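Asks: Input file: coords_29.txt. Contents: compact mmCIF, C-alpha atoms and all ligand atoms.
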```
# COMPACT_ATOMS: atom_id res chain seq x y z
CA MET A 1 -1.99 0.15 -4.13
CA SER A 2 1.38 0.31 -2.44
CA ILE A 3 1.75 0.72 1.30
CA LEU A 4 3.80 3.83 0.39
CA ARG A 5 0.74 5.62 -0.97
CA ASP A 6 0.40 9.14 0.53
CA LYS A 7 3.57 8.64 2.57
CA ASN A 8 6.22 11.37 2.67
CA ILE A 9 9.49 9.98 1.37
CA LEU A 10 12.66 12.01 1.75
CA LEU A 11 15.34 10.75 -0.60
CA GLY A 12 18.91 11.60 0.35
CA ILE A 13 21.49 11.49 -2.45
CA THR A 14 25.23 11.43 -1.88
CA ALA A 15 28.15 11.65 -4.29
CA GLY A 16 28.50 8.21 -5.83
CA ILE A 17 28.19 7.20 -9.46
CA ALA A 18 25.03 5.25 -8.52
CA ALA A 19 23.36 8.66 -8.06
CA TYR A 20 22.36 8.40 -11.71
CA LYS A 21 19.86 5.75 -10.60
CA SER A 22 18.19 8.23 -8.23
CA ALA A 23 16.00 9.53 -11.04
CA SER A 24 14.44 6.06 -11.41
CA LEU A 25 14.11 5.80 -7.66
CA VAL A 26 12.16 9.08 -7.46
CA ARG A 27 9.88 7.89 -10.27
CA LEU A 28 9.20 4.55 -8.57
CA PHE A 29 8.31 6.22 -5.26
CA ILE A 30 6.01 8.64 -7.09
CA LYS A 31 4.44 5.72 -8.98
CA ALA A 32 3.81 4.02 -5.63
CA GLY A 33 1.76 7.08 -4.66
CA ALA A 34 4.29 8.65 -2.27
CA ASN A 35 5.12 12.36 -1.91
CA VAL A 36 8.83 12.75 -2.59
CA LYS A 37 11.34 15.42 -1.60
CA VAL A 38 15.04 15.21 -2.33
CA VAL A 39 17.97 16.37 -0.24
CA MET A 40 21.47 16.14 -1.79
CA THR A 41 25.03 16.59 -0.69
CA PRO A 42 26.70 19.41 -2.69
CA ALA A 43 29.14 16.97 -4.33
CA SER A 44 26.34 14.68 -5.54
CA LYS A 45 25.26 17.43 -7.96
CA ASP A 46 28.25 16.42 -10.09
CA PHE A 47 26.48 13.11 -10.74
CA ILE A 48 22.85 14.14 -11.23
CA THR A 49 21.24 17.55 -11.56
CA PRO A 50 18.79 19.00 -9.06
CA LEU A 51 16.66 20.04 -12.04
CA THR A 52 16.09 16.40 -13.04
CA LEU A 53 15.16 15.48 -9.49
CA SER A 54 12.92 18.47 -8.84
CA THR A 55 11.09 17.85 -12.13
CA LEU A 56 10.50 14.20 -11.29
CA SER A 57 9.62 14.77 -7.64
CA LYS A 58 7.56 17.90 -8.37
CA ASN A 59 9.23 19.50 -5.35
CA PRO A 60 12.21 21.80 -4.78
CA VAL A 61 15.49 19.97 -4.17
CA TYR A 62 17.65 20.94 -1.18
CA SER A 63 21.44 20.87 -1.33
CA SER A 64 22.57 23.73 0.90
CA PHE A 65 21.47 25.42 4.12
CA VAL A 66 20.74 28.61 2.24
CA ASP A 67 18.46 28.85 -0.79
CA GLU A 68 20.67 29.19 -3.85
CA ASP A 69 18.37 31.71 -5.54
CA ASP A 70 17.64 33.76 -2.46
CA ASN A 71 20.40 34.13 0.12
CA GLU A 72 17.93 35.29 2.72
CA VAL A 73 15.94 32.05 2.68
CA TRP A 74 17.15 29.33 5.00
CA ASN A 75 16.42 25.69 4.07
CA ASN A 76 15.13 24.27 7.30
CA HIS A 77 16.61 20.83 7.84
CA VAL A 78 14.54 20.28 10.99
CA GLU A 79 11.28 20.83 9.11
CA LEU A 80 12.47 18.55 6.32
CA GLY A 81 13.34 15.82 8.83
CA LEU A 82 9.95 16.15 10.52
CA TRP A 83 8.10 16.16 7.18
CA ALA A 84 9.49 12.76 6.26
CA ASP A 85 7.68 9.54 7.14
CA TYR A 86 10.71 7.66 5.79
CA PHE A 87 14.23 8.91 4.97
CA ILE A 88 16.02 6.83 2.34
CA ILE A 89 19.66 7.62 1.63
CA ALA A 90 20.58 6.09 -1.71
CA PRO A 91 23.31 6.00 -2.74
CA ALA A 92 25.03 6.22 0.65
CA THR A 93 28.77 6.72 0.16
CA ALA A 94 31.47 5.59 2.62
CA ASN A 95 32.14 9.24 3.38
CA THR A 96 28.51 10.12 4.23
CA MET A 97 28.02 6.95 6.25
CA ALA A 98 31.15 7.63 8.29
CA LYS A 99 29.85 11.12 9.02
CA MET A 100 26.37 9.84 9.88
CA ALA A 101 27.93 7.29 12.21
CA ASN A 102 29.84 10.03 14.04
CA GLY A 103 27.32 12.86 14.18
CA VAL A 104 29.13 15.09 11.71
CA CYS A 105 26.69 17.47 10.04
CA ASP A 106 28.56 19.69 7.64
CA ASN A 107 25.90 19.63 4.92
CA ILE A 108 22.12 19.79 4.79
CA LEU A 109 21.68 16.05 4.18
CA LEU A 110 23.64 15.20 7.33
CA ALA A 111 21.90 17.87 9.41
CA THR A 112 18.55 16.50 8.22
CA TYR A 113 19.66 12.99 9.16
CA LEU A 114 20.47 14.14 12.69
CA SER A 115 17.11 15.92 12.96
CA ALA A 116 14.93 13.16 11.46
CA LYS A 117 12.74 11.18 13.83
CA CYS A 118 11.42 8.81 11.16
CA PRO A 119 12.86 5.43 10.14
CA VAL A 120 16.06 5.83 8.10
CA TYR A 121 17.18 3.43 5.37
CA PHE A 122 20.58 3.59 3.68
CA ALA A 123 21.70 1.86 0.48
CA PRO A 124 25.51 1.73 0.40
CA ALA A 125 27.29 2.18 -2.91
CA MET A 126 31.04 2.18 -3.36
CA ASP A 127 33.95 0.32 -4.80
CA LEU A 128 34.76 -3.21 -3.68
CA ASP A 129 37.82 -2.35 -1.56
CA MET A 130 36.09 0.55 0.15
CA TYR A 131 33.09 -1.69 0.89
CA LYS A 132 35.33 -4.26 2.55
CA HIS A 133 37.36 -1.76 4.62
CA GLU A 134 37.11 -2.13 8.38
CA SER A 135 36.09 1.50 8.80
CA THR A 136 33.15 1.02 6.39
CA LYS A 137 32.10 -2.10 8.27
CA ALA A 138 32.30 -0.06 11.49
CA SER A 139 29.97 2.54 9.92
CA PHE A 140 27.47 -0.19 8.95
CA GLU A 141 27.53 -1.54 12.47
CA LYS A 142 27.14 1.85 14.12
CA LEU A 143 24.31 2.91 11.83
CA THR A 144 22.38 -0.32 12.29
CA ALA A 145 22.95 -0.03 16.04
CA TYR A 146 21.28 3.41 15.84
CA GLY A 147 18.25 1.65 14.35
CA ASN A 148 18.92 2.67 10.73
CA LYS A 149 18.21 -0.03 8.19
CA MET A 150 20.76 -1.11 5.65
CA ILE A 151 19.59 -2.03 2.15
CA PRO A 152 22.46 -4.35 1.24
CA ALA A 153 24.54 -3.62 -1.83
CA GLY A 154 24.52 -6.16 -4.61
CA THR A 155 27.40 -7.94 -6.27
CA GLY A 156 28.35 -7.17 -9.84
CA GLU A 157 30.43 -5.04 -12.11
CA LEU A 158 31.43 -1.76 -10.49
CA ALA A 159 32.17 1.59 -12.13
CA SER A 160 35.89 1.01 -11.50
CA GLY A 161 35.80 -2.17 -13.57
CA LEU A 162 36.22 -4.35 -10.50
CA VAL A 163 33.65 -7.05 -9.92
CA GLY A 164 32.30 -7.64 -6.42
CA GLU A 165 30.20 -6.25 -3.60
CA GLY A 166 29.41 -2.55 -3.45
CA ARG A 167 26.91 -2.01 -6.25
CA MET A 168 23.91 -0.07 -4.98
CA ALA A 169 20.73 -2.17 -4.83
CA GLU A 170 18.60 -1.60 -7.93
CA PRO A 171 15.86 1.06 -7.53
CA GLU A 172 13.09 -1.60 -7.78
CA ASP A 173 14.78 -3.60 -5.01
CA ILE A 174 15.15 -0.51 -2.82
CA VAL A 175 11.43 0.26 -3.14
CA SER A 176 10.37 -3.32 -2.42
CA PHE A 177 12.82 -3.53 0.52
CA VAL A 178 11.25 -0.44 2.08
CA GLU A 179 7.69 -1.63 1.33
CA LYS A 180 8.30 -5.05 2.87
CA ASP A 181 10.03 -3.57 5.90
CA ILE A 182 7.11 -1.20 6.55
CA LEU A 183 4.61 -4.03 6.07
CA LYS A 184 6.40 -6.27 8.55
CA GLN A 185 5.92 -3.71 11.27
CA LEU A 186 2.22 -3.23 10.73
CA PRO A 187 -0.04 -4.71 13.43
CA LEU A 188 -1.93 -7.07 11.10
CA TYR A 189 1.11 -8.25 9.12
CA GLY A 190 0.81 -12.00 8.50
CA LYS A 191 -2.91 -12.03 9.37
CA LYS A 192 -5.60 -13.07 6.90
CA VAL A 193 -8.85 -11.15 6.90
CA LEU A 194 -12.02 -12.31 5.15
CA ILE A 195 -14.61 -9.62 4.39
CA THR A 196 -18.03 -9.75 2.72
CA ALA A 197 -19.50 -6.68 1.07
CA GLY A 198 -22.36 -5.43 -1.07
CA PRO A 199 -25.78 -6.86 -1.83
CA THR A 200 -26.67 -10.26 -3.22
CA TYR A 201 -28.91 -10.75 -6.24
CA GLU A 202 -31.37 -13.63 -6.12
CA ALA A 203 -32.51 -14.68 -9.57
CA LEU A 204 -36.17 -14.93 -10.45
CA ASP A 205 -35.68 -15.76 -14.10
CA PRO A 206 -32.78 -15.19 -16.55
CA VAL A 207 -33.30 -11.40 -16.54
CA ARG A 208 -34.76 -10.49 -13.13
CA PHE A 209 -33.58 -10.68 -9.58
CA ILE A 210 -34.44 -9.63 -6.03
CA GLY A 211 -31.72 -7.39 -4.60
CA ASN A 212 -31.18 -4.48 -2.23
CA HIS A 213 -29.64 -1.01 -2.20
CA SER A 214 -26.35 -1.88 -0.44
CA SER A 215 -23.51 0.02 -2.15
CA GLY A 216 -20.73 -2.16 -0.72
CA LYS A 217 -18.89 0.96 0.44
CA MET A 218 -18.60 -0.09 4.10
CA GLY A 219 -17.08 -3.46 3.17
CA PHE A 220 -14.66 -1.97 0.63
CA GLU A 221 -13.52 0.69 3.11
CA THR A 222 -13.03 -2.04 5.72
CA ALA A 223 -10.93 -4.04 3.25
CA LYS A 224 -8.77 -0.98 2.61
CA ALA A 225 -8.39 -0.24 6.34
CA ALA A 226 -7.40 -3.85 7.08
CA ALA A 227 -4.89 -3.93 4.21
CA ASN A 228 -3.40 -0.63 5.36
CA LEU A 229 -2.67 -2.36 8.67
CA GLY A 230 -0.75 -5.04 6.77
CA ALA A 231 -3.41 -7.77 6.55
CA GLU A 232 -3.88 -9.99 3.52
CA VAL A 233 -7.52 -9.47 2.62
CA VAL A 234 -9.99 -11.64 0.68
CA LEU A 235 -12.98 -9.48 -0.16
CA VAL A 236 -16.04 -11.49 -1.23
CA SER A 237 -18.34 -8.98 -2.85
CA GLY A 238 -21.81 -9.05 -4.32
CA PRO A 239 -22.56 -6.90 -7.41
CA THR A 240 -21.32 -3.35 -6.76
CA HIS A 241 -19.75 -0.35 -8.48
CA GLN A 242 -17.00 -0.14 -5.84
CA THR A 243 -13.44 -0.78 -6.94
CA ILE A 244 -10.25 -1.35 -5.00
CA THR A 245 -6.65 -1.67 -6.11
CA HIS A 246 -4.43 -2.64 -3.22
CA SER A 247 -1.60 -5.14 -3.44
CA LEU A 248 -2.93 -6.90 -0.32
CA VAL A 249 -6.60 -7.18 -1.36
CA THR A 250 -8.01 -9.97 -3.55
CA VAL A 251 -11.60 -9.43 -4.68
CA LYS A 252 -13.83 -12.48 -5.23
CA PRO A 253 -16.97 -11.35 -7.03
CA VAL A 254 -20.16 -13.32 -6.34
CA VAL A 255 -23.83 -12.81 -7.21
CA SER A 256 -26.20 -14.76 -4.96
CA ALA A 257 -26.29 -15.61 -1.24
CA GLU A 258 -25.50 -19.21 -2.15
CA ASP A 259 -22.39 -18.12 -4.17
CA MET A 260 -21.29 -15.93 -1.27
CA TYR A 261 -21.79 -18.79 1.22
CA ASN A 262 -19.65 -21.12 -0.91
CA GLU A 263 -16.87 -18.57 -1.53
CA VAL A 264 -16.71 -17.53 2.14
CA HIS A 265 -16.44 -21.13 3.28
CA LYS A 266 -13.47 -21.67 0.93
CA HIS A 267 -11.49 -19.03 2.79
CA PHE A 268 -12.74 -19.12 6.38
CA GLU A 269 -10.49 -21.84 7.75
CA ALA A 270 -7.31 -20.02 6.70
CA SER A 271 -8.59 -16.68 8.04
CA ASP A 272 -7.76 -15.05 11.34
CA ILE A 273 -10.51 -12.47 11.21
CA ALA A 274 -13.85 -12.53 9.34
CA ILE A 275 -15.94 -9.38 8.96
CA LEU A 276 -19.35 -9.94 7.38
CA SER A 277 -20.69 -6.61 6.25
CA ALA A 278 -22.64 -7.80 3.19
CA ALA A 279 -26.37 -7.18 2.98
CA VAL A 280 -27.21 -10.77 2.16
CA ALA A 281 -30.71 -11.55 0.95
CA ASP A 282 -32.59 -13.45 3.67
CA TYR A 283 -34.93 -15.03 1.13
CA ARG A 284 -34.69 -16.09 -2.50
CA PRO A 285 -37.25 -17.28 -5.05
CA LYS A 286 -37.96 -20.95 -4.42
CA ASN A 287 -38.16 -21.66 -8.15
CA VAL A 288 -36.03 -19.90 -10.73
CA ALA A 289 -37.72 -19.87 -14.13
CA SER A 290 -35.49 -21.03 -16.93
CA GLN A 291 -37.25 -18.71 -19.43
CA LYS A 292 -38.21 -15.08 -18.99
CA ILE A 293 -41.53 -14.96 -17.09
CA LYS A 294 -44.28 -13.50 -19.31
CA LYS A 295 -46.89 -11.12 -17.93
CA LYS A 296 -50.23 -12.88 -17.97
CA ASP A 297 -52.32 -12.42 -14.86
CA ALA A 298 -53.25 -9.25 -12.96
CA THR A 299 -51.32 -10.39 -9.90
CA PHE A 300 -48.21 -12.44 -9.57
CA SER A 301 -46.85 -14.19 -6.47
CA ILE A 302 -43.40 -15.42 -5.83
CA GLU A 303 -42.74 -18.10 -3.28
CA LEU A 304 -39.56 -17.43 -1.33
CA GLU A 305 -37.35 -19.71 0.70
CA LYS A 306 -34.73 -18.80 3.27
CA THR A 307 -31.10 -18.43 2.19
CA LYS A 308 -28.32 -19.82 4.35
CA ASP A 309 -27.20 -17.46 7.10
CA ILE A 310 -23.49 -17.19 6.27
CA LEU A 311 -22.53 -15.43 9.48
CA LYS A 312 -24.34 -17.96 11.65
CA SER A 313 -22.72 -20.84 9.78
CA LEU A 314 -19.27 -19.38 10.53
CA GLY A 315 -20.16 -18.83 14.21
CA ALA A 316 -21.01 -22.53 14.40
CA ILE A 317 -17.61 -23.70 13.14
CA LYS A 318 -15.26 -20.92 14.26
CA ALA A 319 -12.08 -22.03 16.00
CA HIS A 320 -9.30 -19.43 16.31
CA GLN A 321 -11.07 -16.79 14.18
CA LEU A 322 -12.34 -13.46 15.44
CA LEU A 323 -15.82 -13.13 13.96
CA VAL A 324 -17.49 -9.79 13.32
CA GLY A 325 -21.05 -9.20 12.13
CA PHE A 326 -23.17 -6.19 11.29
CA ALA A 327 -26.73 -5.52 12.39
CA LEU A 328 -29.03 -3.06 10.70
CA GLU A 329 -31.92 -2.31 13.00
CA THR A 330 -34.88 0.05 13.13
CA ASN A 331 -36.18 -0.55 16.67
CA ASN A 332 -34.98 -2.03 19.98
CA GLU A 333 -31.58 -1.77 18.35
CA LEU A 334 -29.28 -2.73 21.24
CA GLU A 335 -31.42 -5.65 22.28
CA HIS A 336 -31.62 -7.04 18.74
CA ALA A 337 -27.90 -6.58 18.12
CA LYS A 338 -26.99 -8.30 21.40
CA GLY A 339 -29.33 -11.13 20.44
CA LYS A 340 -27.55 -11.58 17.09
CA LEU A 341 -24.13 -11.41 18.78
CA GLN A 342 -25.11 -14.34 20.98
CA SER A 343 -27.12 -16.44 18.55
CA LYS A 344 -24.46 -16.17 15.83
CA ASN A 345 -21.55 -16.71 18.28
CA LEU A 346 -19.76 -13.45 17.37
CA ASP A 347 -16.88 -11.63 19.02
CA LEU A 348 -18.11 -8.23 17.90
CA ILE A 349 -21.18 -6.76 16.26
CA VAL A 350 -21.40 -3.42 14.52
CA LEU A 351 -24.83 -1.89 15.02
CA ASN A 352 -26.29 0.56 12.50
CA SER A 353 -29.53 2.14 13.56
CA LEU A 354 -31.71 3.41 10.75
CA GLN A 355 -33.06 5.91 13.29
CA ASP A 356 -29.71 7.69 13.08
CA LYS A 357 -29.51 10.25 10.30
CA GLY A 358 -26.62 9.59 7.91
CA ALA A 359 -26.39 5.87 8.77
CA GLY A 360 -27.09 2.85 6.60
CA PHE A 361 -27.40 2.26 2.86
CA GLY A 362 -26.44 4.57 0.01
CA VAL A 363 -24.79 7.30 2.09
CA SER A 364 -21.08 7.88 2.57
CA THR A 365 -21.40 8.32 6.34
CA ASN A 366 -22.25 5.91 9.10
CA LYS A 367 -22.97 6.02 12.82
CA VAL A 368 -22.25 2.77 14.52
CA THR A 369 -22.13 1.19 17.96
CA PHE A 370 -19.70 -1.62 18.68
CA ILE A 371 -20.93 -4.36 21.00
CA THR A 372 -18.42 -6.96 22.12
CA SER A 373 -18.92 -10.50 23.39
CA THR A 374 -17.78 -9.24 26.80
CA ASN A 375 -20.72 -6.81 26.72
CA ASP A 376 -18.81 -3.59 26.12
CA VAL A 377 -20.97 -1.08 24.28
CA ILE A 378 -18.95 1.56 22.44
CA GLU A 379 -20.93 4.35 20.80
CA ASN A 380 -19.31 6.36 17.99
CA PRO A 381 -20.28 9.70 16.44
CA LEU A 382 -21.37 10.11 12.80
CA LYS A 383 -18.29 9.65 10.60
CA SER A 384 -17.37 8.89 7.02
CA LYS A 385 -17.46 5.17 6.20
CA ALA A 386 -13.66 5.29 5.74
CA GLU A 387 -13.28 6.57 9.31
CA VAL A 388 -15.77 4.02 10.65
CA ALA A 389 -13.75 1.28 8.92
CA LYS A 390 -10.56 2.52 10.62
CA ASP A 391 -12.34 2.63 14.02
CA LEU A 392 -13.60 -0.90 13.44
CA MET A 393 -10.09 -2.17 12.70
CA GLN A 394 -8.80 -0.45 15.86
CA GLN A 395 -11.54 -2.13 17.90
CA ILE A 396 -10.59 -5.49 16.37
CA LEU A 397 -6.90 -4.88 17.19
CA LYS A 398 -7.88 -4.07 20.77
CA GLN A 399 -9.79 -7.34 21.04
CA LEU A 400 -6.99 -9.35 19.40
CA ASN A 401 -4.46 -7.98 21.88
CA ALA A 402 -6.72 -8.27 24.93
N1 LIG B 1 -25.85 -12.28 7.17
C1 LIG B 1 -25.27 -13.37 6.54
N2 LIG B 1 -26.03 -14.22 5.81
C2 LIG B 1 -27.35 -14.02 5.68
C3 LIG B 1 -27.96 -12.91 6.31
C4 LIG B 1 -27.18 -12.06 7.05
O1 LIG B 1 -24.05 -13.55 6.65
N3 LIG B 1 -28.06 -14.85 4.94
C5 LIG B 1 -25.00 -11.41 8.01
C6 LIG B 1 -24.84 -10.00 7.51
O2 LIG B 1 -23.72 -9.87 6.66
C7 LIG B 1 -24.66 -9.22 8.81
C8 LIG B 1 -25.46 -10.02 9.81
O3 LIG B 1 -25.63 -11.30 9.24
O4 LIG B 1 -23.30 -9.25 9.24
C9 LIG B 1 -26.78 -9.43 10.21
O5 LIG B 1 -27.67 -9.36 9.17
P1 LIG B 1 -29.16 -8.81 9.40
O6 LIG B 1 -29.89 -8.94 8.12
O7 LIG B 1 -29.14 -7.52 10.09
O8 LIG B 1 -29.69 -9.84 10.44
P2 LIG B 1 -30.44 -11.18 10.26
O9 LIG B 1 -29.72 -12.17 11.10
O10 LIG B 1 -30.61 -11.53 8.84
O11 LIG B 1 -31.82 -10.88 10.99
P3 LIG B 1 -33.05 -9.93 10.60
O12 LIG B 1 -32.99 -9.71 9.12
O13 LIG B 1 -34.21 -10.70 11.04
O14 LIG B 1 -32.83 -8.69 11.39
```
For the structure just supplied, provide its representation as structure tokens.

Replies:
Amino acid sequence: MSILRDKNILLGITAGIAAYKSASLVRLFIKAGANVKVVMTPASKDFITPLTLSTLSKNPVYSSFVDEDDNEVWNNHVELGLWADYFIIAPATANTMAKMANGVCDNILLATYLSAKCPVYFAPAMDLDMYKHESTKASFEKLTAYGNKMIPAGTGELASGLVGEGRMAEPEDIVSFVEKDILKQLPLYGKKVLITAGPTYEALDPVRFIGNHSSGKMGFETAKAAANLGAEVVLVSGPTHQTITHSLVTVKPVVSAEDMYNEVHKHFEASDIAILSAAVADYRPKNVASQKIKKKDATFSIELEKTKDILKSLGAIKAHQLLVGFALETNNELEHAKGKLQSKNLDLIVLNSLQDKGAGFGVSTNKVTFITSTNDVIENPLKSKAEVAKDLMQQILKQLNA
């Protein structure tokens, strides 16, 4: 999943030959999961048709202040500017950039630029000599001084036949430039987060196991929330039906508590944050039969032995990491959770009380209380697990920045 998913991208197109690449650009933004609207200068319609762009973007295309089909409808550039999470002007001609640099707004693209409050990116495209002209350089400088971000032009053969700088960056490069730039500004950019999720299965024989009803949803939502804040996530998950496709999340599937212990320890040292939300089996069969166990007697006993407590083992070795655990309790909840926080050397514990309706296993909601190592107790209302995951990441950010 791209960081652009569900973001509103406004693509501005100006009158350069590179406008023919705008169709690919719209498609790539749509493929990344973004909502796309297009605003064009009137002259750019000589290079690419609004019909192509509206078909690809699945939205009307704006090129004048007044709707072309209905003279009484005004295309509101302020609304368009406010709608956008990101405004990308590609291609940006020398003419448009000079106007942007000087506050000229004699078309809807320029008026939208002046109204937009979101980050603005521009991808220059022009002939070699124009690119090198002092006035163009002055535009670049002014626009970057305004906080707009330049997506540098490439070098290559130009439409004029000249070879040199001025070729608009390729659509794939524009998308990855914007993605990387957004990522860099996210609060967990450069941080590594380790998360455990789901149940563990403890084998009894080749066909049977002892497991639990954990769906893994809380851990998967937490992985998504962390990745959406820019973190690189390793998600160690027991058997679950949950899926995740996010460019920043790597899933490591495991089966037993022992597998999970081993996988977690491979990644802990390099992690900055570890969030252990898995419902790990506390006990496993002491002996695992190599053949399927046959039914013989009227009763059947299984001897169990303790599994390793993964969370506790991390608390014992943690150095720079922020360590988060979960506690599922049915009685004396706060007391038990505080006990676990201390005995497992945690920075934060997320308490689920099974006395709360809508909390715990197999439901899509959760009601949690955060308890910090500095004894802050933060109660939260019943929310979807996705919202709880976002709250948890905000709490972690607060503690990281404290
Ligand atoms: N946990 C773990 N490894 C285990 C058992 C639990 O990492 N073998 C982690 C869970 O992922 C959770 C936390 O420990 O973050 C609390 O688990 P919980 O079962 O509520 O607590 P326990 O310490 O196992 O204590 P008890 O079952 O007695 O309440």

Asks: Just to confirm, what's the straight-line distance from CA of Ile378 (chain A) to CA of Val249 (chain A) in Å (one decimal)?

Replies: 28.2 Å

Asks: Quote the spacing between CA of Ser384 (chain A) and CA of Val236 (chain A) in Å to one decimal place.

Replies: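 The value is 22.0 Å.
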
Asks: Which protein, DNA or RNA residues are at most 9 Å from (-19.0, -10.5, 5.2) in the file's coordinates when you count only C-alpha atoms, listed as a PyMOL selection string?

Replies: chain A and resi 194-198+219+235-237+260+264+274-280+310-311+324-326

Asks: Which of these, A:Ala257, A:Ile210, A:Ala316, A:Leu354, has the shortest distance to ligand LIG 1 (chain B) once you count only C-alpha atoms and all ligand atoms?

Replies: A:Ala257

Asks: At most 10 Å from (20.8, -6.6, -0.1), file frame, all atoms listed in the file: which residues, as a PyMOL selection string?

Replies: chain A and resi 123-124+150-155+167-170+173-174+177

Asks: Keeping only C-alpha atoms, write the selected residues as a PDB file, keeping the file's coordinate frame.

Replies:
```
ATOM      1  CA  ALA A 123      21.700   1.860   0.480  1.00  0.00           C
ATOM      2  CA  PRO A 124      25.510   1.730   0.400  1.00  0.00           C
ATOM      3  CA  MET A 150      20.760  -1.110   5.650  1.00  0.00           C
ATOM      4  CA  ILE A 151      19.590  -2.030   2.150  1.00  0.00           C
ATOM      5  CA  PRO A 152      22.460  -4.350   1.240  1.00  0.00           C
ATOM      6  CA  ALA A 153      24.540  -3.620  -1.830  1.00  0.00           C
ATOM      7  CA  GLY A 154      24.520  -6.160  -4.610  1.00  0.00           C
ATOM      8  CA  THR A 155      27.400  -7.940  -6.270  1.00  0.00           C
ATOM      9  CA  ARG A 167      26.910  -2.010  -6.250  1.00  0.00           C
ATOM     10  CA  MET A 168      23.910  -0.070  -4.980  1.00  0.00           C
ATOM     11  CA  ALA A 169      20.730  -2.170  -4.830  1.00  0.00           C
ATOM     12  CA  GLU A 170      18.600  -1.600  -7.930  1.00  0.00           C
ATOM     13  CA  ASP A 173      14.780  -3.600  -5.010  1.00  0.00           C
ATOM     14  CA  ILE A 174      15.150  -0.510  -2.820  1.00  0.00           C
ATOM     15  CA  PHE A 177      12.820  -3.530   0.520  1.00  0.00           C
TER      16      PHE A 177
END
```

Asks: Quick one: everything within 8 Å of region 137-143 of chain A, counting only C-alpha atoms, minus sequence neighbours fewer than 5 positions away in the same chain. Send it as a list in words.

Replies: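 Those residues are Met97, Ala98, Met100, Ala101, Tyr131, Lys132, Asn148, Lys149 and Met150 of chain A.
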
Asks: So how far away is CA of Lys192 (chain A) from CA of Leu328 (chain A), in Å?

Replies: 25.8 Å

Asks: Could you tell me which of A:Thr200, A:Gln395, A:Thr369, A:Asn401 comes closest to ligand LIG 1 (chain B) if we count all atoms listed in the file?

Replies: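 Nearest to ligand LIG 1 (chain B): A:Thr200.
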
Asks: Within 9 Å of Val26 (chain A), counting all atoms listed in the file, which residues show up once you throw out same-chain ones fewer than 2 positions away? Write them as a list in words, please.

Replies: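 Neighbouring residues, sequence-local ones excluded: Leu11, Lys21, Ser22, Ala23, Ser24, Leu28, Phe29, Ile30, Lys31, Val36, Lys37, Val38, Leu53, Leu56, Ser57 and Pro171 of chain A.
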
Asks: As a list in words, please: the residues near Ile182 (chain A) (cut-off 8 Å, all atoms listed in the file, same-chain neighbours under 4 positions excluded).

Replies: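 In the requested format, the answer is Ile3, Val178 and Leu186 of chain A.
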
Asks: Of the candidates A:Lys398, A:Arg284, A:Lys357, A:Lys296, which one gets nearest to ligand LIG 1 (chain B) if we count only C-alpha atoms and all ligand atoms?

Replies: A:Arg284

Asks: Leaving out Ile317 (chain A) and any residue of its chain fewer than 5 positions from it, which residues lie within 10 Å of it when counting all atoms listed in the file, given as JSON, numbers by chain?

Replies: {"A": [268, 269, 312, 345]}

Asks: Any idea what's packed within 12 Å of Glu258 (chain A), counting only C-alpha atoms, ignoring anything in its chain fewer than 6 positions away? Could you give it as an MDAnalysis selection string?

Replies: chainID A and resid 200:203 238 264:265 280:284 306:310

Asks: Considering all atoms listed in the file, can you say which of A:Phe300, A:Tyr261, A:Phe122, A:Trp83 comes closest to ligand LIG 1 (chain B)?

Replies: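 Selected residue with least distance to ligand LIG 1 (chain B): A:Tyr261.
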
Asks: Here is a test: counting only C-alpha atoms, which residue of A:Lys180, A:Lys385, A:Lys58, A:Lys217 is nearest to Thr240 (chain A)?

Replies: A:Lys217

Asks: Can you work out which one of A:Thr365, A:Thr372, A:Ala402, A:Pro199 has the shortest atom-to-atom distance to ligand LIG 1 (chain B), counting all atoms listed in the file?

Replies: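 Among A:Thr365, A:Thr372, A:Ala402, A:Pro199, it is A:Pro199 that comes nearest to ligand LIG 1 (chain B).
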
Asks: Quick one: axis-aligned box around all listed atoms of region 222-236 of chain A, 4 Å on every side, centre and edge lengths in Å to one decimal, written as lines of an AutoDock Vina configuration file.

Replies:
```
center_x = -8.4
center_y = -5.9
center_z = 3.7
size_x = 23.3
size_y = 19.4
size_z = 17.9
```
